[in-house]
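Structure data follow from start_38.cif (mmCIF, C-alpha atoms):
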data_input
#
loop_
_atom_site.label_atom_id
_atom_site.label_comp_id
_atom_site.auth_asym_id
_atom_site.auth_seq_id
_atom_site.Cartn_x
_atom_site.Cartn_y
_atom_site.Cartn_z
CA MET A 1 -1.70 -4.06 -8.99
CA ILE A 2 1.56 -5.15 -7.42
CA LEU A 3 1.72 -4.33 -3.70
CA LEU A 4 4.80 -3.92 -1.53
CA PHE A 5 4.25 -4.81 2.12
CA ASP A 6 6.76 -3.46 4.65
CA LEU A 7 6.70 -6.28 7.22
CA SER A 8 7.18 -6.06 10.94
CA LYS A 9 10.12 -8.18 12.05
CA GLU A 10 8.49 -8.91 15.40
CA HIS A 11 7.77 -12.48 14.32
CA PRO A 12 9.27 -14.62 11.54
CA LEU A 13 5.97 -16.15 10.33
CA ILE A 14 2.93 -14.10 11.33
CA PRO A 15 3.40 -11.04 9.05
CA LYS A 16 3.39 -13.08 5.85
CA LEU A 17 0.79 -15.60 7.06
CA GLU A 18 -1.80 -12.98 7.98
CA ILE A 19 -1.47 -11.24 4.60
CA GLU A 20 -1.85 -14.50 2.68
CA SER A 21 -4.71 -15.56 4.96
CA LEU A 22 -6.68 -12.42 4.15
CA TYR A 23 -6.25 -12.97 0.42
CA GLN A 24 -7.48 -16.53 0.90
CA ALA A 25 -10.34 -15.59 3.25
CA TYR A 26 -11.72 -13.14 0.68
CA LYS A 27 -11.00 -15.54 -2.18
CA LYS A 28 -8.56 -13.24 -3.95
CA LYS A 29 -6.08 -14.86 -6.30
CA TYR A 30 -2.51 -13.69 -5.88
CA THR A 31 1.08 -14.43 -6.85
CA ILE A 32 4.04 -13.80 -4.57
CA ILE A 33 6.73 -11.98 -6.55
CA HIS A 34 9.27 -11.73 -3.75
CA GLU A 35 9.45 -12.47 -0.06
CA ASN A 36 11.97 -12.13 2.72
CA GLU A 37 11.84 -11.25 6.41
CA SER A 38 11.42 -7.55 5.61
CA VAL A 39 9.10 -7.41 2.59
CA LEU A 40 6.37 -9.25 0.74
CA VAL A 41 5.62 -8.34 -2.88
CA ILE A 42 2.28 -9.61 -4.18
CA ASP A 43 0.75 -9.33 -7.64
CA ALA A 44 -3.05 -9.50 -7.66
CA ASP A 45 -6.15 -7.76 -8.89
CA ILE A 46 -7.29 -5.51 -6.05
CA THR A 47 -10.37 -3.39 -5.47
CA GLN A 48 -10.53 -0.35 -3.23
CA GLU A 49 -12.82 -2.38 -0.97
CA PHE A 50 -10.19 -5.10 -0.45
CA LEU A 51 -7.46 -2.50 -0.03
CA ASN A 52 -9.55 -1.05 2.80
CA ILE A 53 -9.82 -4.51 4.34
CA LEU A 54 -6.06 -4.96 4.29
CA THR A 55 -5.41 -1.55 5.83
CA THR A 56 -7.93 -2.00 8.64
CA ARG A 57 -7.08 -5.59 9.58
CA LEU A 58 -3.34 -6.19 9.35
CA ALA A 59 -1.39 -6.16 12.62
CA PHE A 60 2.15 -7.00 11.51
CA THR A 61 2.64 -4.67 8.54
CA HIS A 62 4.23 -1.23 8.88
CA SER A 63 3.23 0.24 5.52
CA LEU A 64 1.72 -0.64 2.17
CA SER A 65 2.98 0.69 -1.17
CA HIS A 66 2.25 0.40 -4.85
CA TYR A 67 5.33 -1.52 -5.98
CA LEU A 68 7.44 0.20 -8.65
CA PHE A 69 10.68 -1.77 -8.95
CA GLN A 70 13.49 -3.50 -7.11
CA ILE A 71 17.24 -3.29 -7.64
CA SER A 72 20.27 -4.97 -6.12
CA SER A 73 22.44 -1.92 -5.51
CA ILE A 74 22.73 1.84 -5.98
CA ASN A 75 24.54 1.27 -9.28
CA GLU A 76 21.33 -0.07 -10.81
CA ILE A 77 19.32 3.05 -10.10
CA LYS A 78 20.77 4.71 -13.19
CA GLN A 79 19.35 1.88 -15.29
CA CYS A 80 15.90 2.86 -14.04
CA MET A 81 16.16 6.21 -15.82
CA ASN A 82 14.79 4.52 -18.93
CA LEU A 83 11.89 2.81 -17.18
CA PRO A 84 8.41 4.12 -18.07
CA LEU A 85 7.93 5.34 -14.51
CA GLU A 86 4.54 6.66 -13.56
CA ARG A 87 4.37 10.43 -13.31
CA PHE A 88 2.74 11.65 -10.13
CA GLU A 89 0.46 14.61 -9.63
CA GLY A 90 1.79 17.06 -7.08
CA SER A 91 4.88 17.17 -4.91
CA ILE A 92 7.15 14.28 -3.96
CA ALA A 93 9.28 13.21 -1.00
CA ILE A 94 11.64 10.25 -0.75
CA ARG A 95 11.43 8.23 2.45
CA TYR A 96 13.03 4.95 3.37
CA LYS A 97 13.60 2.21 5.91
CA ASN A 98 17.16 0.91 6.19
CA ARG A 99 17.34 -2.76 7.12
CA SER A 100 20.79 -3.22 5.65
CA LYS A 101 24.23 -3.35 7.22
CA THR A 102 26.02 -2.95 3.88
CA GLN A 103 24.05 -0.52 1.67
CA ASP A 104 24.71 3.24 1.76
CA SER A 105 21.24 4.60 2.48
CA ARG A 106 22.23 8.26 2.02
CA LYS A 107 23.48 7.71 -1.51
CA ILE A 108 20.50 5.54 -2.36
CA VAL A 109 18.06 8.25 -1.28
CA GLU A 110 19.99 10.89 -3.23
CA SER A 111 19.89 8.73 -6.35
CA LEU A 112 16.18 8.05 -5.96
CA ALA A 113 15.57 11.77 -5.53
CA SER A 114 17.37 12.50 -8.80
CA LEU A 115 15.29 9.82 -10.50
CA PHE A 116 11.85 10.93 -9.29
CA THR A 117 12.09 14.68 -8.82
CA LYS A 118 13.52 15.84 -12.16
CA ASN A 119 10.28 17.47 -13.27
CA GLN A 120 8.31 17.60 -10.05
CA SER A 121 8.42 19.72 -6.93
CA VAL A 122 9.76 18.45 -3.63
CA ASP A 123 7.92 18.86 -0.33
CA LEU A 124 9.51 17.09 2.62
CA GLU A 125 6.82 18.11 5.10
CA ASN A 126 3.48 17.48 3.37
CA PRO A 127 4.10 15.81 0.01
CA HIS A 128 1.31 14.67 -2.24
CA ASN A 129 3.31 11.52 -3.02
CA ILE A 130 5.81 9.52 -0.97
CA ILE A 131 8.33 7.36 -2.79
CA TYR A 132 9.23 4.71 -0.23
CA ALA A 133 12.33 2.54 -0.31
CA ILE A 134 12.98 -0.54 1.82
CA ILE A 135 16.71 -1.13 1.85
CA THR A 136 17.94 -4.64 2.63
CA ASP A 137 21.39 -6.16 2.23
CA LYS A 138 20.54 -7.87 -1.07
CA LYS A 139 17.75 -5.73 -2.53
CA ILE A 140 16.28 -2.26 -2.58
CA PHE A 141 12.49 -2.24 -2.98
CA VAL A 142 10.82 0.95 -4.21
CA GLY A 143 7.16 1.87 -4.26
CA LYS A 144 4.68 4.70 -3.98
CA GLN A 145 3.42 4.60 -0.41
CA LEU A 146 -0.33 4.09 -0.10
CA PHE A 147 -0.84 3.62 3.62
CA ILE A 148 1.02 3.72 6.95
CA PHE A 149 -0.40 1.45 9.64
CA ASP A 150 -1.11 3.08 12.99
CA ARG A 151 -0.87 0.28 15.51
CA ASN A 152 -1.59 2.45 18.56
CA ASP A 153 -5.07 0.95 18.87
CA PHE A 154 -3.49 -2.38 19.73
CA GLU A 155 -1.50 -0.70 22.49
CA LYS A 156 -4.68 0.93 23.83
CA ARG A 157 -6.29 -2.53 24.06
CA LYS A 158 -3.43 -4.06 26.04
CA VAL A 159 -4.59 -6.28 28.88
CA GLN A 160 -3.78 -3.79 31.66
CA PHE A 161 -6.25 -1.32 30.18
CA ARG A 162 -9.17 -3.77 30.30
CA PRO A 163 -11.56 -4.02 33.25
CA PHE A 164 -10.51 -7.66 33.80
CA PHE A 165 -7.14 -9.10 32.88
CA SER A 166 -4.61 -11.87 33.38
CA PRO A 167 -0.86 -11.18 33.17
CA ILE A 168 -0.33 -14.03 30.69
CA SER A 169 -2.93 -12.84 28.19
CA LEU A 170 -1.60 -12.38 24.66
CA HIS A 171 -0.93 -8.89 23.34
CA PRO A 172 -3.89 -7.70 21.21
CA LYS A 173 -1.58 -7.47 18.19
CA LEU A 174 -0.75 -11.18 18.47
CA ALA A 175 -4.39 -12.03 19.02
CA ARG A 176 -5.37 -10.06 15.89
CA GLY A 177 -2.65 -11.76 13.85
CA LEU A 178 -3.95 -15.21 14.86
CA VAL A 179 -7.55 -14.18 14.17
CA ASN A 180 -6.47 -13.06 10.70
CA ILE A 181 -4.63 -16.34 10.11
CA ALA A 182 -7.87 -18.15 10.97
CA GLN A 183 -9.30 -16.51 7.81
CA VAL A 184 -12.43 -15.09 9.43
CA ILE A 185 -14.61 -12.52 7.72
CA PRO A 186 -17.44 -10.33 9.07
CA GLY A 187 -20.37 -12.56 10.05
CA SER A 188 -18.19 -15.62 10.73
CA ASN A 189 -19.10 -17.68 13.80
CA ILE A 190 -16.05 -17.68 16.11
CA LEU A 191 -15.66 -19.80 19.24
CA ASP A 192 -13.09 -19.57 22.01
CA PRO A 193 -13.81 -22.54 24.33
CA PHE A 194 -11.11 -21.49 26.83
CA CYS A 195 -11.97 -17.80 26.58
CA GLY A 196 -10.04 -16.61 29.64
CA THR A 197 -10.18 -12.81 29.54
CA GLY A 198 -11.66 -12.67 26.03
CA GLY A 199 -8.70 -11.40 23.99
CA PHE A 200 -9.45 -13.42 20.86
CA LEU A 201 -13.16 -12.61 21.06
CA ILE A 202 -12.41 -8.90 21.32
CA GLU A 203 -10.28 -8.91 18.15
CA ALA A 204 -12.75 -11.10 16.25
CA GLY A 205 -15.67 -8.97 17.42
CA LEU A 206 -14.03 -5.75 16.25
CA LEU A 207 -13.86 -7.34 12.79
CA GLY A 208 -17.60 -8.01 12.79
CA CYS A 209 -17.60 -11.71 13.73
CA ARG A 210 -20.34 -13.47 15.69
CA LEU A 211 -18.92 -14.37 19.09
CA PHE A 212 -19.22 -17.59 21.07
CA GLY A 213 -17.20 -18.26 24.21
CA SER A 214 -16.98 -20.65 27.12
CA ASP A 215 -14.74 -21.35 30.09
CA ILE A 216 -14.86 -23.67 33.08
CA GLN A 217 -14.38 -20.78 35.52
CA ASP A 218 -17.17 -18.41 36.48
CA ASP A 219 -14.83 -15.46 36.98
CA MET A 220 -13.48 -15.81 33.43
CA ILE A 221 -17.00 -15.72 31.97
CA CYS A 222 -17.87 -12.63 34.00
CA GLY A 223 -14.54 -10.99 33.15
CA THR A 224 -14.84 -11.73 29.42
CA ARG A 225 -18.35 -10.27 29.36
CA GLU A 226 -17.08 -7.13 31.07
CA ASN A 227 -14.14 -6.81 28.65
CA LEU A 228 -16.37 -7.29 25.61
CA GLY A 229 -18.71 -4.63 26.96
CA LYS A 230 -15.85 -2.13 27.13
CA TYR A 231 -15.64 -2.35 23.32
CA ASN A 232 -19.43 -2.45 22.83
CA LEU A 233 -19.32 -6.10 21.78
CA GLU A 234 -22.15 -8.50 22.57
CA PRO A 235 -21.52 -12.27 22.38
CA LEU A 236 -24.18 -14.53 20.95
CA GLN A 237 -23.32 -17.14 23.57
CA LEU A 238 -20.98 -16.86 26.55
CA PHE A 239 -21.35 -19.60 29.12
CA LYS A 240 -19.63 -21.70 31.77
CA SER A 241 -18.87 -25.20 30.52
CA ASP A 242 -16.48 -28.08 30.67
CA ILE A 243 -14.81 -28.48 27.29
CA GLY A 244 -16.51 -31.84 26.77
CA SER A 245 -19.98 -30.31 26.94
CA ILE A 246 -19.69 -27.40 24.55
CA ALA A 247 -21.13 -29.31 21.56
CA GLU A 248 -24.37 -29.79 23.50
CA LYS A 249 -24.63 -26.10 24.35
CA ILE A 250 -23.48 -24.35 21.18
CA GLU A 251 -26.49 -23.31 19.10
CA ASP A 252 -24.72 -22.96 15.76
CA VAL A 253 -21.88 -24.42 13.68
CA MET A 254 -18.53 -22.62 13.94
CA ASP A 255 -16.51 -21.18 11.07
CA ALA A 256 -13.40 -20.98 13.24
CA VAL A 257 -12.19 -21.92 16.72
CA ILE A 258 -9.37 -19.78 18.12
CA THR A 259 -8.16 -20.49 21.63
CA ASP A 260 -5.22 -20.70 24.02
CA ALA A 261 -5.59 -24.01 25.83
CA PRO A 262 -4.75 -24.45 29.54
CA TYR A 263 -1.19 -25.59 30.01
CA GLY A 264 -1.10 -27.57 33.24
CA LYS A 265 -2.06 -25.38 36.18
CA SER A 266 -4.54 -27.22 38.41
CA THR A 267 -6.79 -24.15 38.59
CA THR A 268 -7.40 -24.29 34.85
CA THR A 269 -7.46 -28.06 34.34
CA LYS A 270 -9.34 -29.05 37.52
CA ASN A 271 -6.47 -31.51 38.18
CA GLU A 272 -7.24 -33.41 34.97
CA ASN A 273 -4.32 -34.99 33.14
CA ILE A 274 -3.37 -32.47 30.46
CA GLN A 275 -3.18 -35.05 27.66
CA ASP A 276 -6.70 -36.23 28.47
CA LEU A 277 -7.94 -32.64 28.57
CA TYR A 278 -6.47 -31.87 25.15
CA SER A 279 -7.86 -35.08 23.67
CA ARG A 280 -11.37 -34.18 24.87
CA ALA A 281 -10.90 -30.59 23.71
CA PHE A 282 -9.93 -31.57 20.17
CA GLN A 283 -12.88 -33.96 19.95
CA SER A 284 -15.33 -31.29 21.10
CA ILE A 285 -13.88 -28.62 18.85
CA SER A 286 -14.10 -30.96 15.88
CA LYS A 287 -17.79 -31.54 16.61
CA VAL A 288 -18.74 -27.86 16.55
CA LEU A 289 -16.48 -26.86 13.64
CA LYS A 290 -17.91 -26.93 10.13
CA PRO A 291 -16.15 -28.99 7.42
CA GLY A 292 -13.22 -26.91 6.24
CA GLY A 293 -13.51 -24.66 9.28
CA ARG A 294 -10.32 -23.10 10.60
CA VAL A 295 -8.67 -23.76 13.93
CA ALA A 296 -5.85 -22.09 15.89
CA ILE A 297 -4.99 -23.64 19.26
CA GLY A 298 -2.20 -22.61 21.62
CA LEU A 299 -0.36 -25.51 23.26
CA PRO A 300 2.52 -25.50 25.77
CA ASN A 301 4.92 -27.54 23.62
CA LYS A 302 5.11 -29.62 20.46
CA LYS A 303 4.55 -33.03 22.00
CA TYR A 304 0.78 -32.69 21.59
CA GLY A 305 1.02 -32.13 17.85
CA SER A 306 0.05 -35.72 17.04
CA LEU A 307 -3.18 -35.26 19.00
CA PHE A 308 -3.97 -32.17 16.95
CA LYS A 309 -3.31 -34.02 13.71
CA ASN A 310 -5.70 -36.79 14.75
CA HIS A 311 -8.55 -34.31 14.32
CA PHE A 312 -7.35 -31.55 12.00
CA THR A 313 -5.15 -30.91 8.99
CA LEU A 314 -2.08 -29.02 10.19
CA ASN A 315 -1.03 -25.89 8.29
CA GLU A 316 1.53 -24.13 10.50
CA VAL A 317 3.00 -24.23 13.99
CA ILE A 318 3.61 -20.69 15.24
CA ALA A 319 5.89 -20.29 18.25
CA ILE A 320 5.05 -17.24 20.38
CA PRO A 321 7.25 -16.36 23.39
CA VAL A 322 4.97 -15.23 26.22
CA HIS A 323 7.74 -14.47 28.69
CA ARG A 324 11.25 -15.71 29.43
CA SER A 325 10.21 -19.19 30.57
CA LEU A 326 7.05 -19.72 28.53
CA THR A 327 6.55 -20.21 24.79
CA ARG A 328 3.16 -21.04 23.32
CA TYR A 329 2.91 -23.09 20.14
CA PHE A 330 -0.16 -22.20 18.12
CA TYR A 331 -1.20 -25.06 15.88
CA THR A 332 -3.19 -23.74 12.94
CA GLY A 333 -5.12 -25.77 10.41
CA HIS A 334 -8.58 -26.81 9.31
CA LYS A 335 -11.10 -29.60 9.77
#
Using the file provided, produce a representation of the structure as structure tokens.
Amino acid sequence: MILLFDLSKEHPLIPKLEIESLYQAYKKKYTIIHENESVLVIDADITQEFLNILTTRLAFTHSLSHYLFQISSINEIKQCMNLPLERFEGSIAIRYKNRSKTQDSRKIVESLASLFTKNQSVDLENPHNIIYAIITDKKIFVGKQLFIFDRNDFEKRKVQFRPFFSPISLHPKLARGLVNIAQVIPGSNILDPFCGTGGFLIEAGLLGCRLFGSDIQDDMICGTRENLGKYNLEPLQLFKSDIGSIAEKIEDVMDAVITDAPYGKSTTTKNENIQDLYSRAFQSISKVLKPGGRVAIGLPNKKYGSLFKNHFTLNEVIAIPVHRSLTRYFYTGHK
């Protein structure tokens, strides 16, 4: 089946990366047919089980459709009259998203309606089938909509709704995206060695991962435990520790380490030089991570990239603005 993903434009890299990462995590072969900032078209064998995985895990996709065709302009719609288009059982409605400054969306929708509703009834309120068009400046992508993502659950898990929170904690949607990019699956061992308020552990736990967390501050350990409890999540290990000691305390090997490292405040580094802290952190993380295990680490800037590459193979650097004066750079890769 060829799938059409309607991507969120909230980030230039994460929407595509998390989709590809899920295909890779579940060892599904795929071919990218087309990609741009608005859409990703993937050709791959897909089971209902994996379709369910995609629809329950993705954070940066608006909708998922069974891809039908793409055209460059409204003039090409007439050429589609001769295509062996699938006939759909029940009523039809045409819906669209206009991401173009040049295409005439009204005429495009009218033309699509004439193409798909010749011999079928139209129901704009409760159709059995939705023909969905994503209109961009250069292309019009058309598919039969399979699923619309409801991302309200991420909003309900925002930091201010947790028992314990920090104002610089990542939005749950970003945390989920990074967890997906780490290619975890249910039963994976996940460690956050600077767990803070537990945002990454919450998202990984909701996906069925086995949770391990540590922090050098007692209040963060207590707060993370309280936050996990709000979502009925129980960590396997959650303990106070200096980053250099975690390998001695962790009772299992990790499939992935996902963390946002301290970025220079004395309260979180205990006045240690930040370069030395990161060097010790990367060494410790490497010790507990299995060969081939995934890593995603947030750093305050790109000057520490060479330290990361001393211990891990770098895949991507993902810049995430936290607020006006702070951008985190998440280095992702594997051991």
**Message:** At a cut-off of 10 Å, using all atoms listed in the file, what residues contact Ile134 in chain A? Leave out same-chain residues fewer than 2 positions from it and give the result as a PyMOL selection string.
**Reply:** chain A and resi 4-6+38-39+70+95-100+105+132+136+139-143
**Request:** Go ahead and compute the interatomic distance for CA of Asp150 in chain A and CA of Leu206 in chain A, in Å to one decimal.
**Result:** 16.0 Å
**Residue nearest Ile320 in chain A - candidates A:Phe212, A:Gly305, A:Leu170, A:Phe239, atoms counted: all atoms listed in the file** =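 Looking only at the distances to Ile320 in chain A, the closest residue turns out to be A:Leu170.
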**Request:** Give as a VMD selection string every residue, naming chains and numbers as the document does, that has an atom within 8 Å of (-20.0, -21.7, 31.1), counting all atoms listed in the file.
**Result:** chain A and resid 214 to 218 221 238 to 242
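With distances restricted to all atoms listed in the file, A:Leu191 is the closest residue to Lys290 in chain A from A:Met220, A:Leu178, A:Ala204, A:Leu191.
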**Message:** For a quick check of understanding, using only C-alpha atoms, which of A:Ser286, A:Val41, A:Glu226, A:Phe149 has the smallest distance to Thr55 in chain A?
**Reply:** A:Phe149
Taking the file as I've supplied it (selection: the PyMOL selection byres ((chain A and resi 129) around 12)), which residues are included? Please answer as a PDB file with C-alpha atoms, keeping the file's coordinate frame.
ATOM      1  CA  SER A  65       2.980   0.690  -1.170  1.00  0.00           C
ATOM      2  CA  HIS A  66       2.250   0.400  -4.850  1.00  0.00           C
ATOM      3  CA  GLU A  86       4.540   6.660 -13.560  1.00  0.00           C
ATOM      4  CA  ARG A  87       4.370  10.430 -13.310  1.00  0.00           C
ATOM      5  CA  PHE A  88       2.740  11.650 -10.130  1.00  0.00           C
ATOM      6  CA  GLU A  89       0.460  14.610  -9.630  1.00  0.00           C
ATOM      7  CA  GLY A  90       1.790  17.060  -7.080  1.00  0.00           C
ATOM      8  CA  SER A  91       4.880  17.170  -4.910  1.00  0.00           C
ATOM      9  CA  ILE A  92       7.150  14.280  -3.960  1.00  0.00           C
ATOM     10  CA  ALA A  93       9.280  13.210  -1.000  1.00  0.00           C
ATOM     11  CA  ILE A  94      11.640  10.250  -0.750  1.00  0.00           C
ATOM     12  CA  ARG A  95      11.430   8.230   2.450  1.00  0.00           C
ATOM     13  CA  PHE A 116      11.850  10.930  -9.290  1.00  0.00           C
ATOM     14  CA  THR A 117      12.090  14.680  -8.820  1.00  0.00           C
ATOM     15  CA  GLN A 120       8.310  17.600 -10.050  1.00  0.00           C
ATOM     16  CA  SER A 121       8.420  19.720  -6.930  1.00  0.00           C
ATOM     17  CA  VAL A 122       9.760  18.450  -3.630  1.00  0.00           C
ATOM     18  CA  ASP A 123       7.920  18.860  -0.330  1.00  0.00           C
ATOM     19  CA  LEU A 124       9.510  17.090   2.620  1.00  0.00           C
ATOM     20  CA  GLU A 125       6.820  18.110   5.100  1.00  0.00           C
ATOM     21  CA  ASN A 126       3.480  17.480   3.370  1.00  0.00           C
ATOM     22  CA  PRO A 127       4.100  15.810   0.010  1.00  0.00           C
ATOM     23  CA  HIS A 128       1.310  14.670  -2.240  1.00  0.00           C
ATOM     24  CA  ILE A 130       5.810   9.520  -0.970  1.00  0.00           C
ATOM     25  CA  ILE A 131       8.330   7.360  -2.790  1.00  0.00           C
ATOM     26  CA  TYR A 132       9.230   4.710  -0.230  1.00  0.00           C
ATOM     27  CA  GLY A 143       7.160   1.870  -4.260  1.00  0.00           C
ATOM     28  CA  LYS A 144       4.680   4.700  -3.980  1.00  0.00           C
ATOM     29  CA  GLN A 145       3.420   4.600  -0.410  1.00  0.00           C
ATOM     30  CA  LEU A 146      -0.330   4.090  -0.100  1.00  0.00           C
ATOM     31  CA  PHE A 147      -0.840   3.620   3.620  1.00  0.00           C
TER      32      PHE A 147
END
**Expected residue set, 12 Å radius at (-7.7, -20.7, 12.0), only C-alpha atoms, as an MDAnalysis selection string** = chainID A and resid 17:18 21:22 24:25 175:185 188:192 200 204 254:259 289 292:298 312:318 330:335
**Prompt:** Within 7 Å of Ala319 in chain A, counting only C-alpha atoms, which residues qualify if same-chain residues fewer than 4 places away don't, as a list in words?
**Reply:**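 Non-adjacent residues within range: Thr327, Arg328, Tyr329 and Phe330 of chain A.
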**Asked** Skipping near chain neighbours, those fewer than 2 positions away, what residues fall within 10 Å of Phe164 in chain A using all atoms listed in the file, listed as a ChimeraX atom specification?
**Response** /A:159-162,166,196-198,219-220,222-227
